[in-house]
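To be precise, the following lines are protein.pdb, and they hold PDB, C-alpha atoms, pLDDT in the B column.
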ATOM      1  CA  MET F  25      27.805 144.108 -66.035  1.00 80.00           C
ATOM      2  CA  THR F  26      26.157 144.664 -69.417  1.00 82.00           C
ATOM      3  CA  THR F  27      25.352 141.856 -71.834  1.00 82.00           C
ATOM      4  CA  LEU F  28      23.363 141.556 -75.022  1.00 87.00           C
ATOM      5  CA  HIS F  29      20.172 139.878 -73.761  1.00 92.00           C
ATOM      6  CA  HIS F  30      18.471 139.014 -77.052  1.00 93.00           C
ATOM      7  CA  LEU F  31      18.740 139.562 -80.760  1.00 93.00           C
ATOM      8  CA  SER F  32      15.428 140.073 -82.597  1.00 93.00           C
ATOM      9  CA  LEU F  33      15.118 139.541 -86.333  1.00 93.00           C
ATOM     10  CA  SER F  34      12.201 139.769 -88.749  1.00 92.00           C
ATOM     11  CA  THR F  35      11.330 137.348 -91.524  1.00 93.00           C
ATOM     12  CA  SER F  36       8.966 137.333 -94.455  1.00 92.00           C
ATOM     13  CA  GLN F  37       9.042 133.522 -94.628  1.00 93.00           C
ATOM     14  CA  MET F  38       8.728 132.031 -91.146  1.00 95.00           C
ATOM     15  CA  PRO F  39       8.740 128.289 -92.001  1.00 96.00           C
ATOM     16  CA  GLU F  40      11.885 128.480 -94.158  1.00 97.00           C
ATOM     17  CA  SER F  41      13.658 130.901 -91.822  1.00 96.00           C
ATOM     18  CA  ARG F  42      12.803 128.687 -88.833  1.00 97.00           C
ATOM     19  CA  ARG F  43      14.325 125.726 -90.707  1.00 97.00           C
ATOM     20  CA  PHE F  44      17.477 127.793 -91.422  1.00 98.00           C
ATOM     21  CA  TYR F  45      17.888 128.967 -87.820  1.00 98.00           C
ATOM     22  CA  ASP F  46      17.054 125.544 -86.344  1.00 98.00           C
ATOM     23  CA  THR F  47      19.867 124.135 -88.474  1.00 98.00           C
ATOM     24  CA  VAL F  48      22.543 126.818 -88.091  1.00 98.00           C
ATOM     25  CA  LEU F  49      21.914 127.651 -84.425  1.00 98.00           C
ATOM     26  CA  SER F  50      22.088 123.972 -83.424  1.00 97.00           C
ATOM     27  CA  PHE F  51      25.820 124.050 -84.259  1.00 97.00           C
ATOM     28  CA  LEU F  52      26.213 127.105 -82.011  1.00 97.00           C
ATOM     29  CA  GLY F  53      24.689 125.573 -78.874  1.00 97.00           C
ATOM     30  CA  TYR F  54      21.125 126.828 -79.272  1.00 98.00           C
ATOM     31  CA  GLU F  55      17.888 124.865 -78.984  1.00 97.00           C
ATOM     32  CA  PRO F  56      14.432 125.833 -80.259  1.00 97.00           C
ATOM     33  CA  ALA F  57      12.311 127.214 -77.420  1.00 97.00           C
ATOM     34  CA  MET F  58       9.062 128.541 -78.909  1.00 94.00           C
ATOM     35  CA  ALA F  59       7.502 128.296 -82.346  1.00 95.00           C
ATOM     36  CA  THR F  60       4.262 129.958 -83.423  1.00 95.00           C
ATOM     37  CA  ASP F  61       3.116 131.423 -86.731  1.00 92.00           C
ATOM     38  CA  ARG F  62       4.414 134.858 -85.661  1.00 94.00           C
ATOM     39  CA  LEU F  63       7.384 134.154 -83.342  1.00 96.00           C
ATOM     40  CA  SER F  64      10.180 131.626 -82.966  1.00 97.00           C
ATOM     41  CA  THR F  65      12.834 131.677 -80.248  1.00 98.00           C
ATOM     42  CA  TRP F  66      16.071 129.834 -79.484  1.00 98.00           C
ATOM     43  CA  HIS F  67      17.779 129.503 -76.108  1.00 96.00           C
ATOM     44  CA  GLY F  68      21.401 128.686 -75.471  1.00 95.00           C
ATOM     45  CA  PRO F  69      24.408 130.913 -75.098  1.00 92.00           C
ATOM     46  CA  GLU F  70      23.703 134.630 -74.851  1.00 90.00           C
ATOM     47  CA  PRO F  71      22.037 136.328 -76.547  1.00 94.00           C
ATOM     48  CA  GLU F  72      18.642 134.679 -76.911  1.00 96.00           C
ATOM     49  CA  ILE F  73      17.543 134.705 -80.583  1.00 96.00           C
ATOM     50  CA  LEU F  74      14.013 135.828 -81.528  1.00 96.00           C
ATOM     51  CA  LEU F  75      12.498 135.671 -84.995  1.00 96.00           C
ATOM     52  CA  PHE F  76       9.306 137.640 -85.680  1.00 95.00           C
ATOM     53  CA  GLU F  77       7.043 137.512 -88.723  1.00 93.00           C
ATOM     54  CA  VAL F  78       7.453 140.760 -90.676  1.00 91.00           C
ATOM     55  CA  GLU F  79       5.011 143.553 -89.827  1.00 89.00           C
ATOM     56  CA  GLY F  80       3.442 145.889 -92.355  1.00 84.00           C
ATOM     57  CA  GLY F  81       3.661 145.821 -96.121  1.00 82.00           C
ATOM     58  CA  ASP F  82       7.432 145.969 -96.639  1.00 82.00           C
ATOM     59  CA  SER F  83       8.729 142.414 -96.911  1.00 79.00           C
ATOM     60  CA  ALA F  84      11.680 143.137 -99.219  1.00 82.00           C
ATOM     61  CA  PRO F  85      14.806 141.150 -98.353  1.00 79.00           C
ATOM     62  CA  HIS F  86      17.545 142.870 -96.395  1.00 79.00           C
ATOM     63  CA  THR F  87      20.338 144.372 -98.489  1.00 81.00           C
ATOM     64  CA  LEU F  88      23.807 144.454 -96.955  1.00 80.00           C
ATOM     65  CA  GLY F  89      25.197 147.969 -96.829  1.00 80.00           C
ATOM     66  CA  ARG F  90      21.885 149.745 -96.290  1.00 78.00           C
ATOM     67  CA  PRO F  91      21.477 151.507 -92.947  1.00 77.00           C
ATOM     68  CA  GLY F  92      20.880 149.059 -90.124  1.00 78.00           C
ATOM     69  CA  TRP F  93      21.954 145.473 -89.819  1.00 81.00           C
ATOM     70  CA  HIS F  94      25.336 144.424 -91.225  1.00 89.00           C
ATOM     71  CA  HIS F  95      25.970 140.965 -89.737  1.00 92.00           C
ATOM     72  CA  ALA F  96      26.235 138.997 -86.513  1.00 93.00           C
ATOM     73  CA  ALA F  97      29.411 137.037 -85.797  1.00 95.00           C
ATOM     74  CA  PHE F  98      29.339 133.920 -83.645  1.00 96.00           C
ATOM     75  CA  SER F  99      32.651 132.682 -82.232  1.00 95.00           C
ATOM     76  CA  VAL F 100      32.993 128.893 -82.065  1.00 96.00           C
ATOM     77  CA  ASP F 101      35.568 126.571 -80.500  1.00 95.00           C
ATOM     78  CA  SER F 102      36.804 124.837 -83.642  1.00 96.00           C
ATOM     79  CA  ARG F 103      37.296 125.075 -87.373  1.00 98.00           C
ATOM     80  CA  ASP F 104      35.255 121.874 -87.601  1.00 98.00           C
ATOM     81  CA  THR F 105      32.171 123.795 -86.442  1.00 98.00           C
ATOM     82  CA  VAL F 106      32.745 126.423 -89.132  1.00 98.00           C
ATOM     83  CA  LEU F 107      32.970 123.637 -91.724  1.00 98.00           C
ATOM     84  CA  ALA F 108      29.866 121.899 -90.325  1.00 98.00           C
ATOM     85  CA  VAL F 109      27.816 125.111 -90.578  1.00 98.00           C
ATOM     86  CA  HIS F 110      29.037 125.591 -94.143  1.00 98.00           C
ATOM     87  CA  LYS F 111      28.012 122.044 -95.074  1.00 98.00           C
ATOM     88  CA  ALA F 112      24.601 122.430 -93.423  1.00 98.00           C
ATOM     89  CA  VAL F 113      23.919 125.678 -95.284  1.00 98.00           C
ATOM     90  CA  VAL F 114      24.967 124.134 -98.611  1.00 98.00           C
ATOM     91  CA  ASP F 115      22.860 121.029 -97.901  1.00 98.00           C
ATOM     92  CA  GLY F 116      19.882 123.262 -96.993  1.00 98.00           C
ATOM     93  CA  LYS F 117      20.312 125.147-100.291  1.00 98.00           C
ATOM     94  CA  TRP F 118      20.721 128.482 -98.511  1.00 98.00           C
ATOM     95  CA  THR F 119      23.232 131.193 -99.433  1.00 97.00           C
ATOM     96  CA  VAL F 120      26.949 130.959 -98.682  1.00 98.00           C
ATOM     97  CA  VAL F 121      28.376 134.452 -99.159  1.00 97.00           C
ATOM     98  CA  HIS F 122      32.034 133.649 -98.431  1.00 98.00           C
ATOM     99  CA  GLU F 123      33.279 130.058 -98.338  1.00 98.00           C
ATOM    100  CA  PRO F 124      35.190 128.971 -95.211  1.00 98.00           C
ATOM    101  CA  GLN F 125      38.607 130.591 -95.268  1.00 98.00           C
ATOM    102  CA  GLU F 126      41.283 132.201 -93.137  1.00 98.00           C
ATOM    103  CA  TYR F 127      41.231 135.927 -92.468  1.00 97.00           C
ATOM    104  CA  PRO F 128      44.766 136.706 -91.227  1.00 95.00           C
ATOM    105  CA  GLU F 129      44.033 140.429 -91.488  1.00 96.00           C
ATOM    106  CA  TYR F 130      41.581 139.994 -88.569  1.00 95.00           C
ATOM    107  CA  SER F 131      43.853 137.888 -86.336  1.00 95.00           C
ATOM    108  CA  GLU F 132      46.124 134.864 -86.436  1.00 95.00           C
ATOM    109  CA  GLY F 133      44.195 131.678 -87.213  1.00 96.00           C
ATOM    110  CA  TYR F 134      40.877 133.513 -87.817  1.00 97.00           C
ATOM    111  CA  PHE F 135      38.770 131.069 -89.883  1.00 98.00           C
ATOM    112  CA  ALA F 136      35.204 131.909 -90.862  1.00 98.00           C
ATOM    113  CA  VAL F 137      32.246 131.307 -93.141  1.00 98.00           C
ATOM    114  CA  PHE F 138      29.661 133.962 -94.027  1.00 98.00           C
ATOM    115  CA  VAL F 139      26.098 132.859 -94.818  1.00 98.00           C
ATOM    116  CA  GLU F 140      22.712 134.516 -95.293  1.00 96.00           C
ATOM    117  CA  ASP F 141      19.303 133.530 -94.014  1.00 96.00           C
ATOM    118  CA  PRO F 142      16.331 133.347 -96.425  1.00 95.00           C
ATOM    119  CA  ASP F 143      15.717 137.111 -95.992  1.00 92.00           C
ATOM    120  CA  GLY F 144      19.326 138.121 -96.700  1.00 92.00           C
ATOM    121  CA  ILE F 145      20.450 138.626 -93.088  1.00 93.00           C
ATOM    122  CA  ARG F 146      24.173 137.837 -92.930  1.00 95.00           C
ATOM    123  CA  ILE F 147      25.726 135.636 -90.262  1.00 96.00           C
ATOM    124  CA  GLU F 148      29.396 134.894 -89.712  1.00 97.00           C
ATOM    125  CA  VAL F 149      30.559 131.776 -87.886  1.00 98.00           C
ATOM    126  CA  ALA F 150      34.213 132.115 -86.896  1.00 97.00           C
ATOM    127  CA  HIS F 151      36.906 130.184 -85.083  1.00 97.00           C
ATOM    128  CA  ILE F 152      39.188 132.807 -83.521  1.00 96.00           C
ATOM    129  CA  PRO F 153      42.032 131.089 -81.640  1.00 94.00           C
ATOM    130  CA  VAL F 154      44.044 134.308 -81.063  1.00 85.00           C
ATOM    131  CA  ALA F 155      42.215 137.386 -79.808  1.00 79.00           C
ATOM    132  CA  PRO F 156      42.471 140.305 -82.250  1.00 71.00           C
TER
END
Please express what this file holds, its structure, as structure tokens.
Amino acid sequence: MTTLHHLSLSTSQMPESRRFYDTVLSFLGYEPAMATDRLSTWHGPEPEILLFEVEGGDSAPHTLGRPGWHHAAFSVDSRDTVLAVHKAVVDGKWTVVHEPQEYPEYSEGYFAVFVEDPDGIRIEVAHIPVAP
């Protein structure tokens, strides 16, 4: 059996990114595990999430559509969780890319919000009651 063991991200602003991920990941069943100046981790459902301080001189925010990362999608059990993540991101003054809405082109009942962390990394939180 193959599973995704961990997802590693980089940040140019550890304290603010840690605050973002502490908030958003708490709705997804994760708990903070380690926090240093250079590394933060969260345990919960697979995969484990790791956040490293950026290395080198390039600390430009991520731009969607460039080679590399596009987004991670987390599937949740209810629309209420999608709405709670949306509210938390708005309350935290972070970026909501796409407000919570249905995406019938993906599958019946697909309901999601798309947000970005402080470095522009996009995350989708979706309730998907019918498998695509």
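In this model, the gap between CA of Ala59 in chain F and CA of Asp115 in chain F comes to 23.0 Å.
CA of Glu129 in chain F lies 25.7 Å from CA of Val48 in chain F.
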Would you list the contacts of Ala155 in chain F as a list of chain:residue names, taking every protein, DNA or RNA residue within 10 Å and counting all atoms listed in the file, but skipping same-chain residues closer than 5 positions in sequence?
F:Tyr130, F:Ser131, F:Glu132, F:Gly133, F:Tyr134
Would you translate the PyMOL selection byres ((chain F and resi 49) around 10) into the concrete set of residues it matches in this file, as an MDAnalysis selection string?
chainID F and resid 44:48 50:56 66:68 73 98 109
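Listed by chain and then by number, the residues chosen by the PyMOL selection byres ((chain F and resi 102) around 12) in this file are Phe51, Leu52, Phe98, Ser99, Val100, Asp101, Arg103, Asp104, Thr105, Val106, Leu107, Ala108, Val109, Gly133, Tyr134, Phe135, Ala136, Val149, Ala150, His151, Ile152 and Pro153 of chain F.
Here the PyMOL selection byres ((chain F and resi 78) around 9) catches exactly these residues: Leu33, Ser34, Thr35, Ser36, Gln37, Met38, Arg62, Phe76, Glu77, Glu79, Gly80, Gly81, Asp82 and Ser83 of chain F.
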Coordinates-based distance that separates CA of Thr27 in chain F from CA of Thr119 in chain F (Å, one decimal):
29.7 Å
Spatial neighbours of Pro142 in chain F, max dist 7 Å, all atoms listed in the file, sep filter under 6 positions, as a list in words:
Glu40, Ser41 and Trp118 of chain F
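Closest approach to Trp93 in chain F among F:Val139, F:Ile145, F:Leu31, F:Val154 is made by F:Ile145 (distances from all atoms listed in the file).
Minimum atom-to-atom distances from F:Ala97, F:Met25, F:Ile147, F:Ala84 to Val120 in chain F were compared using only C-alpha atoms, and the lowest value belongs to F:Ile147.
Distance check against Arg146 in chain F using only C-alpha atoms: of F:Arg42, F:His29, F:His95, F:Lys117, the minimum falls on F:His95.
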Quick one: everything within 12 Å of Leu28 in chain F, counting only C-alpha atoms, minus sequence neighbours fewer than 2 positions away in the same chain. Send it as an mmCIF file with C-alpha atoms, in the coordinates of the input.
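Below you can see around.cif, which holds the result:
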data_model
loop_
_atom_site.group_PDB
_atom_site.id
_atom_site.type_symbol
_atom_site.label_atom_id
_atom_site.label_comp_id
_atom_site.auth_asym_id
_atom_site.auth_seq_id
_atom_site.Cartn_x
_atom_site.Cartn_y
_atom_site.Cartn_z
ATOM 1 C CA MET F 25 27.805 144.108 -66.035
ATOM 2 C CA THR F 26 26.157 144.664 -69.417
ATOM 3 C CA HIS F 30 18.471 139.014 -77.052
ATOM 4 C CA LEU F 31 18.740 139.562 -80.760
ATOM 5 C CA SER F 32 15.428 140.073 -82.597
ATOM 6 C CA PRO F 69 24.408 130.913 -75.098
ATOM 7 C CA GLU F 70 23.703 134.630 -74.851
ATOM 8 C CA PRO F 71 22.037 136.328 -76.547
ATOM 9 C CA GLU F 72 18.642 134.679 -76.911
ATOM 10 C CA ILE F 73 17.543 134.705 -80.583
#
